[in-house]
Amino acid sequence: MENEKNNQQSEIARREFVVSVAAGLATTAGTAAAAALEVIEKDVSIKTPDGMCDAAFIHPKSGSHPGVLLWPDAFGLRPVTRDMAKRLAAEGYSVLVPNPFYRVSKAPFTDASNFNFQNQADMAKLQLLMASVNAEGAAEKDAVAYIAFLDAQKEVNKSKKIGTQGYCMGGPLIMETAAAVSNRVGAAASFHGGNLVTDGPNSPHLLAPKIKARMYFGIAANDDARQPDAKDKLRAALTAAHVQAEIEVYPGAQHGWCMRDMPKQANGMPIYNMPDAERAWSKLLALYKAALA
């Protein structure tokens, strides 16, 4: 009986260990080490009509896979966006993360956590960087060059459609990419994208008739509060253009919730929200699995 009791306890302990390991892997799923495929990271330079862009190209160690263009937020190419690309590559994608500000600077940030949005000088520098990629026609030219780069790599399966995802500032850029290279882009996702709908003649939502990709939009609660009709105008434009899209607001999530190195809010609370970031990641993977097959 004693041996049987000990065996039962050992089995319970073993099961608890397995559950503990599984939970640990789920918690650390943001690292390539927790995923199935070994990945390779390369620093590359891409020729565009406006100069040479510094970028990171991250892909599985072997084979060819669907290509993905990852548009960063206003803090650009940095360790956090590289980690996102590594995690995605470990899922079976070949990912390009450009420095969107190459026209005026090499990748300018390594970390965003200490940035002060209340500092006018710092904000002026950030706005100068953003203006360089938001200039008329700039993103479209870049998108064509970036996707041409992906299609030239042996690690990219050209028989599959390209995916693109963007964060904050990158939200409108995925729409411009999907419109500019509509024959190649099969999926596009925006997370806490800014200025998706404006009153201007060049508002990103007006690009809907040019887009053929399947789309996903995750909207921050505070962005929705500032512009509550934007999601409705976006949905109407996409529906009228027969673009398959899912649009949803993340209750309680703040603009920037997906980015692990976001500075804290003025009230001291974090912007990054891991549960909602993981939910967004699941939505992204589901989109790519469905649309890039």
# chains A, B, ... in the order shown; residues from 1 in each chain; ligands from 1
>>> select_by_dssp(residues="region 149-256 of chain A", states="strand (DSSP E)", output="number ranges by chain")
A: 162-167, 185-191, 214-220, 245-250
>>> residues_around(residues="Gly170 (chain A)", least_positions_apart="5", cutoff="7 Å", atoms="only C-alpha atoms", output="ChimeraX atom specification")
/A:71-73,193
>>> write_last_selection(atoms="N, CA and C atoms", output="tab-separated table (two decimals), in the first residue's frame")
chain	number	residue	atom	x	y	z
A	71	TRP	N	5.55	46.67	-39.93
A	71	TRP	CA	5.72	48.10	-39.79
A	71	TRP	C	5.74	48.45	-38.30
A	72	PRO	N	6.83	49.01	-37.78
A	72	PRO	CA	6.89	49.35	-36.36
A	72	PRO	C	6.04	50.57	-36.02
A	73	ASP	N	5.99	50.86	-34.73
A	73	ASP	CA	5.37	52.08	-34.25
A	73	ASP	C	6.34	53.25	-34.41
A	193	GLY	N	-3.71	51.22	-34.25
A	193	GLY	CA	-3.31	52.11	-35.34
A	193	GLY	C	-3.86	53.51	-35.13
>>> closest_residue(among="A:Phe191, A:Phe75, A:Phe101, A:Tyr216", to="Ala290 (chain A)", atoms="only C-alpha atoms")
A:Tyr216
>>> closest_residue(among="A:Met259, A:Val97, A:Val249, A:Ile40", to="Asn222 (chain A)", atoms="only C-alpha atoms")
A:Val249
>>> closest_residue(among="A:Gly194, A:Pro263, A:Gly163, A:Gly171", to="Arg214 (chain A)", atoms="only C-alpha atoms")
A:Gly163
>>> residues_around(residues="Val39 (chain A)", least_positions_apart="3", cutoff="6 Å", atoms="only C-alpha atoms", output="ChimeraX atom specification")
/A:59-61
